[in-house]
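**Student:** Dumping the structure here so I can ask a few things about it.
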Amino acid sequence: MSPRFLISLIIAGAVASALLAQEKSQTTADELVAKNIEAKGGATALQNLQTLRVTGKMLVQEGQIELAYLKIKKRPDQVRTEASLQGMTQVEAYDDKEGWKVSPFFGRKDPERMSADDVKALIEDSEIDGPLVDWKTKGSTIEYLGTEDVDGTLAHKLKVVRKNGDVSFVYLDPDHFLEIRVLTQRMRHGAHEEVETDLGDYEKAGGVFVPTSIEEGPKGAPDKQRIIIDKVEANVPVDDAIFHFPASK
C-alpha cells in the first residue's frame with residue numbers, strides 16, 4: 001500500500017468520523033428542542049399564542065426596592081416592558097423595526113431611540129417562543145454540549161448561535177425539558193457582555209407554560225434584578241401603537 005493511498009484513507013476516515021459526530025450531535029439537539037416544545041405545551045399551542053401579558057413586581061438592590069412590573073409581547077416580535085415607582089414609569093419597547101426607551105429614573109423623561117447594540121436584548125426578549133423554537137427559520141445554529149451543573153441540577157446544555165453572531169447557552173431541566181437558565185454572550189459598545197437569566201415557577205396560560213420567576217443580571221453579579229409574575233394573560237387584545245415610538249405632540 002502506497003503512503004499516499006494510506007494518507008487518503010486516514011483523511012477519509014477522519015472526515016467520516018467528524019460527519020458522524022456532527023450528525024449525532026445535531027440529532028440530539030433536535031430531540032431536545034422537540035422535547036422543549038412539547039414541554040411548553042406543543043407546537044400548536046405555541047403557534048396559537050399570539051399575545052402574552054404578564055404583571056407582577058421587580059425587586060432590585062437586593063430586594064430593598066420594589067417596582068410594579070408589566071410586560072406585553074405580540075407576534076411578530078414586538079415587546080414592551082414597564083417598571084413603575086412613585087409615579088414614574090421606565091419603558092423599553094421594540095416594534096419589530098426599532099427599539100426605544102423612556103428612562104425617568106435617570107432624569108430622561110422623553111422617549112429616546114435605542115442603538116443597534118442596546119436593542120439586541122429587546123429583540124431576543126420579543127420572542128414569545130424563546131430561542132429554540134423555529135431556530136432554523138431564525139437563521140440560528142444549535143449544538144448540544146452535554147450536561148452541566150446548574151445549582152445542583154444536571155441540566156442539558158444547548159449552544160445557540162444567532163444570525164447576528166450573539167451566542168446563548170440554554171440549559172434545560174433534565175426531567176421537564178423547560179429552560180432553567182439562559183446565558184447570553186454578545187458584543188455591546190465594543191465590550192464583551194454576559195447576561196445570565198434564571199427561570200422557574202412555570203405556570204400555564206393559553207395552553208403554554210410560562211416562567212413566573214425570573215432572575216437576571218450580569219454573570220457573576222451578586223445582586224441581580226428579580227421579577228415575580230403574579231398574573232399571566234394569553235391572547236388578550238393589544239394595540240400595536242404601544243410598541244411604536246411615540247409620535248411628537
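Each chain of the C-alpha cells is named A, B, ... in the order shown, its residues numbered from 1; ligands are numbered from 1 in display order.
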Using only C-alpha atoms, which protein or nucleic acid residues come within 8 Å of A:Glu62? Drop anything in the same chain fewer than 6 positions from it, and give the result as an mmCIF file with C-alpha atoms, in the first residue's frame.

**Tutor:**
data_model
loop_
_atom_site.group_PDB
_atom_site.id
_atom_site.type_symbol
_atom_site.label_atom_id
_atom_site.label_comp_id
_atom_site.auth_asym_id
_atom_site.auth_seq_id
_atom_site.Cartn_x
_atom_site.Cartn_y
_atom_site.Cartn_z
ATOM 1 C CA ASP A 223 -27.161 41.387 43.076
ATOM 2 C CA LYS A 224 -29.430 40.635 40.124
ATOM 3 C CA GLN A 225 -32.887 42.010 39.454
#

**Student:** Neighbouring residues of A:Gly99 were defined as those with any atom within 6 Å, considering only C-alpha atoms; residues of the same chain fewer than 3 positions away were excluded. Please report them as a PyMOL selection string.

**Tutor:** chain A and resi 93-94+113-114+119

**Student:** Next, write the just-selected residues to a file, as a compact mmCIF listing (two decimals), in the first residue's frame, keeping N, CA, C and O atoms as the atom set.

**Tutor:**
# COMPACT_ATOMS: atom_id res chain seq x y z
N ALA A 93 -39.24 49.37 24.62
CA ALA A 93 -40.15 48.77 23.65
C ALA A 93 -39.45 48.53 22.32
O ALA A 93 -38.50 49.23 21.96
N TYR A 94 -39.97 47.53 21.61
CA TYR A 94 -39.45 47.17 20.29
C TYR A 94 -40.63 46.77 19.42
O TYR A 94 -41.50 45.99 19.84
N ARG A 113 -34.72 56.84 20.99
CA ARG A 113 -34.46 55.65 20.20
C ARG A 113 -33.19 54.97 20.71
O ARG A 113 -32.25 55.62 21.12
N MET A 114 -33.20 53.64 20.64
CA MET A 114 -32.08 52.86 21.16
C MET A 114 -31.12 52.50 20.04
O MET A 114 -31.52 52.33 18.88
N VAL A 119 -30.49 47.48 21.50
CA VAL A 119 -31.78 46.85 21.17
C VAL A 119 -31.67 45.34 21.04
O VAL A 119 -32.70 44.64 20.98

**Student:** Just the residues within 9 Å of A:Asp96, please, counting only C-alpha atoms, with nothing from its chain fewer than 5 positions along; format it as a count of residues only.

**Tutor:** 7

**Student:** Please give the complete set of residues from stretch 119-246 of chain A that DSSP, run on the backbone, assigns to strand (DSSP E), formatted as a VMD selection string.

**Tutor:** chain A and resid 141 to 150 153 to 161 167 to 172 179 to 188 191 to 205 208 to 218 225 to 234

**Student:** Measure the distance from atom CA of A:Lys159 to atom CA of A:Leu145 in Å and round it to one decimal.

**Tutor:**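 Separating atom CA of A:Lys159 from atom CA of A:Leu145 is a distance of 6.9 Å.
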
**Student:** Rank A:Gly63, A:Pro246, A:Gly107, A:Gly56 by their smallest atom-to-atom distance to A:Ser213, using only C-alpha atoms, and report the top residue only.

**Tutor:** A:Gly56

**Student:** For a quick check of understanding, using only C-alpha atoms, which of A:Asp239, A:Asp117, A:Asp173, A:Glu179 has the smallest distance to A:Ile214?

**Tutor:** A:Glu179

**Student:** Between A:Gly190, A:Gly139, A:Pro218, A:Pro174, which is the closest to A:Lys35 once you count only C-alpha atoms?

**Tutor:**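 Distance minimum relative to A:Lys35 lands on A:Pro174.
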
**Student:** Tell me, as a ChimeraX atom specification, which residues lie within 10 Å of A:Trp135, counting only C-alpha atoms; anything in the same chain fewer than 4 positions away does not count.

**Tutor:** /A:33,130-131,139-142,160-163

**Student:** At a cut-off of 8 Å, using only C-alpha atoms, what residues contact A:Pro111? Leave out same-chain residues fewer than 3 positions from it and give the result as a ChimeraX atom specification.

**Tutor:** /A:100-103,108,245-246

**Student:** Go ahead and save the residues from that selection, with C-alpha atoms, as a short mmCIF file (atom, residue, chain, number, x, y, z; two decimals), in the first residue's frame.

**Tutor:**
data_model
loop_
_atom_site.label_atom_id
_atom_site.label_comp_id
_atom_site.auth_asym_id
_atom_site.auth_seq_id
_atom_site.Cartn_x
_atom_site.Cartn_y
_atom_site.Cartn_z
CA TRP A 100 -36.88 52.94 22.14
CA LYS A 101 -36.97 53.76 25.85
CA VAL A 102 -38.05 56.25 28.49
CA SER A 103 -35.70 56.49 31.49
CA ARG A 108 -34.73 61.40 30.97
CA PHE A 245 -42.00 55.22 19.06
CA PRO A 246 -44.43 57.90 20.33
#

**Student:** Enumerate as a list in words all residues of stretch 49-133 of chain A assigned to alpha helix (DSSP H) by DSSP on the backbone, naming them with the chain letters and numbers the document uses.

**Tutor:**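 So, restricting stretch 49-133 of chain A to alpha helix (DSSP H), we get Lys120, Ala121, Leu122, Ile123, Glu124 and Asp125 of chain A.
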
**Student:** Which neighbours of A:Lys57 fall inside 9 Å, counting only C-alpha atoms, when residues of the same chain fewer than 4 positions from it are skipped, and could you give them as a list in words?

**Tutor:**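 Surrounding residues, per the criterion: Glu66, Leu67, Ala68, Tyr69, Leu70, Ala83, Arg226, Ile227, Ile228, Ile229 and Asp230 of chain A.
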
**Student:** Using only C-alpha atoms, please write the residues we just selected to a file, as a JSON list (two decimals), in the first residue's frame.

**Tutor:**
[["chain", "number", "residue", "atom", "x", "y", "z"],
["A", 66, "GLU", "CA", -39.92, 47.08, 44.61],
["A", 67, "LEU", "CA", -41.34, 48.33, 41.32],
["A", 68, "ALA", "CA", -44.61, 47.44, 39.60],
["A", 69, "TYR", "CA", -43.81, 45.38, 36.52],
["A", 70, "LEU", "CA", -45.60, 44.89, 33.21],
["A", 83, "ALA", "CA", -41.31, 49.29, 35.57],
["A", 226, "ARG", "CA", -35.67, 39.61, 40.33],
["A", 227, "ILE", "CA", -39.06, 39.54, 38.65],
["A", 228, "ILE", "CA", -42.03, 37.82, 40.25],
["A", 229, "ILE", "CA", -45.07, 37.42, 37.99],
["A", 230, "ASP", "CA", -48.47, 37.45, 39.70]]

**Student:** Show me, as a PDB file with all heavy atoms, in the first residue's frame, the residues that have an atom within 10 Å of A:Leu154 when counting only C-alpha atoms, minus same-chain residues fewer than 6 positions from it.

**Tutor:**
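Wrote it out as around-v3.pdb, contents follow:
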ATOM      1  N   GLY A 146     -23.823  18.550  25.879  1.00  0.00           N
ATOM      2  CA  GLY A 146     -23.855  17.628  27.006  1.00  0.00           C
ATOM      3  C   GLY A 146     -24.574  18.232  28.203  1.00  0.00           C
ATOM      4  O   GLY A 146     -25.428  19.098  28.054  1.00  0.00           O
ATOM      5  N   THR A 147     -24.196  17.783  29.395  1.00  0.00           N
ATOM      6  CA  THR A 147     -24.851  18.267  30.613  1.00  0.00           C
ATOM      7  C   THR A 147     -23.885  19.098  31.452  1.00  0.00           C
ATOM      8  O   THR A 147     -22.675  18.953  31.361  1.00  0.00           O
ATOM      9  CB  THR A 147     -25.382  17.093  31.453  1.00  0.00           C
ATOM     10  OG1 THR A 147     -24.301  16.203  31.762  1.00  0.00           O
ATOM     11  CG2 THR A 147     -26.461  16.337  30.700  1.00  0.00           C
ATOM     12  N   GLU A 148     -24.489  19.964  32.272  1.00  0.00           N
ATOM     13  CA  GLU A 148     -23.701  20.835  33.140  1.00  0.00           C
ATOM     14  C   GLU A 148     -24.507  21.134  34.398  1.00  0.00           C
ATOM     15  O   GLU A 148     -25.731  21.273  34.348  1.00  0.00           O
ATOM     16  CB  GLU A 148     -23.347  22.135  32.410  1.00  0.00           C
ATOM     17  CG  GLU A 148     -22.400  23.032  33.189  1.00  0.00           C
ATOM     18  CD  GLU A 148     -21.932  24.224  32.357  1.00  0.00           C
ATOM     19  OE1 GLU A 148     -21.471  24.016  31.213  1.00  0.00           O
ATOM     20  OE2 GLU A 148     -22.031  25.361  32.851  1.00  0.00           O
ATOM     21  N   TYR A 171     -30.016  26.149  29.071  1.00  0.00           N
ATOM     22  CA  TYR A 171     -29.959  24.992  29.961  1.00  0.00           C
ATOM     23  C   TYR A 171     -31.377  24.472  30.207  1.00  0.00           C
ATOM     24  O   TYR A 171     -32.246  25.226  30.676  1.00  0.00           O
ATOM     25  CB  TYR A 171     -29.304  25.373  31.285  1.00  0.00           C
ATOM     26  CG  TYR A 171     -27.872  25.824  31.151  1.00  0.00           C
ATOM     27  CD1 TYR A 171     -27.567  27.157  30.842  1.00  0.00           C
ATOM     28  CD2 TYR A 171     -26.814  24.942  31.331  1.00  0.00           C
ATOM     29  CE1 TYR A 171     -26.253  27.576  30.714  1.00  0.00           C
ATOM     30  CE2 TYR A 171     -25.490  25.355  31.199  1.00  0.00           C
ATOM     31  CZ  TYR A 171     -25.227  26.679  30.892  1.00  0.00           C
ATOM     32  OH  TYR A 171     -23.919  27.087  30.765  1.00  0.00           O
ATOM     33  N   LEU A 172     -31.604  23.203  29.897  1.00  0.00           N
ATOM     34  CA  LEU A 172     -32.923  22.593  30.048  1.00  0.00           C
ATOM     35  C   LEU A 172     -32.937  21.645  31.246  1.00  0.00           C
ATOM     36  O   LEU A 172     -32.003  20.855  31.437  1.00  0.00           O
ATOM     37  CB  LEU A 172     -33.308  21.815  28.787  1.00  0.00           C
ATOM     38  CG  LEU A 172     -33.357  22.589  27.468  1.00  0.00           C
ATOM     39  CD1 LEU A 172     -33.777  21.647  26.342  1.00  0.00           C
ATOM     40  CD2 LEU A 172     -34.303  23.777  27.560  1.00  0.00           C
ATOM     41  N   ASP A 173     -34.002  21.709  32.033  1.00  0.00           N
ATOM     42  CA  ASP A 173     -34.191  20.780  33.136  1.00  0.00           C
ATOM     43  C   ASP A 173     -34.238  19.352  32.581  1.00  0.00           C
ATOM     44  O   ASP A 173     -34.942  19.095  31.589  1.00  0.00           O
ATOM     45  CB  ASP A 173     -35.497  21.115  33.864  1.00  0.00           C
ATOM     46  CG  ASP A 173     -35.765  20.183  35.019  1.00  0.00           C
ATOM     47  OD1 ASP A 173     -36.411  19.134  34.800  1.00  0.00           O
ATOM     48  OD2 ASP A 173     -35.330  20.487  36.132  1.00  0.00           O
ATOM     49  N   PRO A 174     -33.519  18.406  33.182  1.00  0.00           N
ATOM     50  CA  PRO A 174     -33.442  17.047  32.623  1.00  0.00           C
ATOM     51  C   PRO A 174     -34.742  16.258  32.744  1.00  0.00           C
ATOM     52  O   PRO A 174     -34.928  15.272  32.035  1.00  0.00           O
ATOM     53  CB  PRO A 174     -32.322  16.388  33.451  1.00  0.00           C
ATOM     54  CG  PRO A 174     -32.322  17.134  34.746  1.00  0.00           C
ATOM     55  CD  PRO A 174     -32.676  18.548  34.387  1.00  0.00           C
ATOM     56  N   ASP A 175     -35.637  16.683  33.626  1.00  0.00           N
ATOM     57  CA  ASP A 175     -36.901  15.965  33.820  1.00  0.00           C
ATOM     58  C   ASP A 175     -38.044  16.570  33.020  1.00  0.00           C
ATOM     59  O   ASP A 175     -38.879  15.860  32.466  1.00  0.00           O
ATOM     60  CB  ASP A 175     -37.268  15.934  35.310  1.00  0.00           C
ATOM     61  CG  ASP A 175     -36.223  15.208  36.146  1.00  0.00           C
ATOM     62  OD1 ASP A 175     -35.742  14.152  35.689  1.00  0.00           O
ATOM     63  OD2 ASP A 175     -35.881  15.706  37.232  1.00  0.00           O
TER      64      ASP A 175
END

**Student:** So how far away is atom CA of A:Ile242 from atom CA of A:Glu196, in Å?

**Tutor:**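 Those two atoms sit 27.8 Å apart.
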
**Student:** Which residue gives the smallest distance to A:Val60 among A:Gly206, A:Leu199, A:Ala155, A:Pro222, with only C-alpha atoms counted?

**Tutor:**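 Of A:Gly206, A:Leu199, A:Ala155, A:Pro222, the one nearest A:Val60, counting only C-alpha atoms, is A:Pro222.
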
**Student:** Separation of atom CA of A:Arg80 and atom CA of A:Ala205, in Å?

**Tutor:** 18.8 Å

**Student:** Between A:His156, A:Arg186, A:Lys73, A:Lys97, which residue has the minimum interatomic distance to A:Ala121, considering only C-alpha atoms?

**Tutor:** A:Arg186
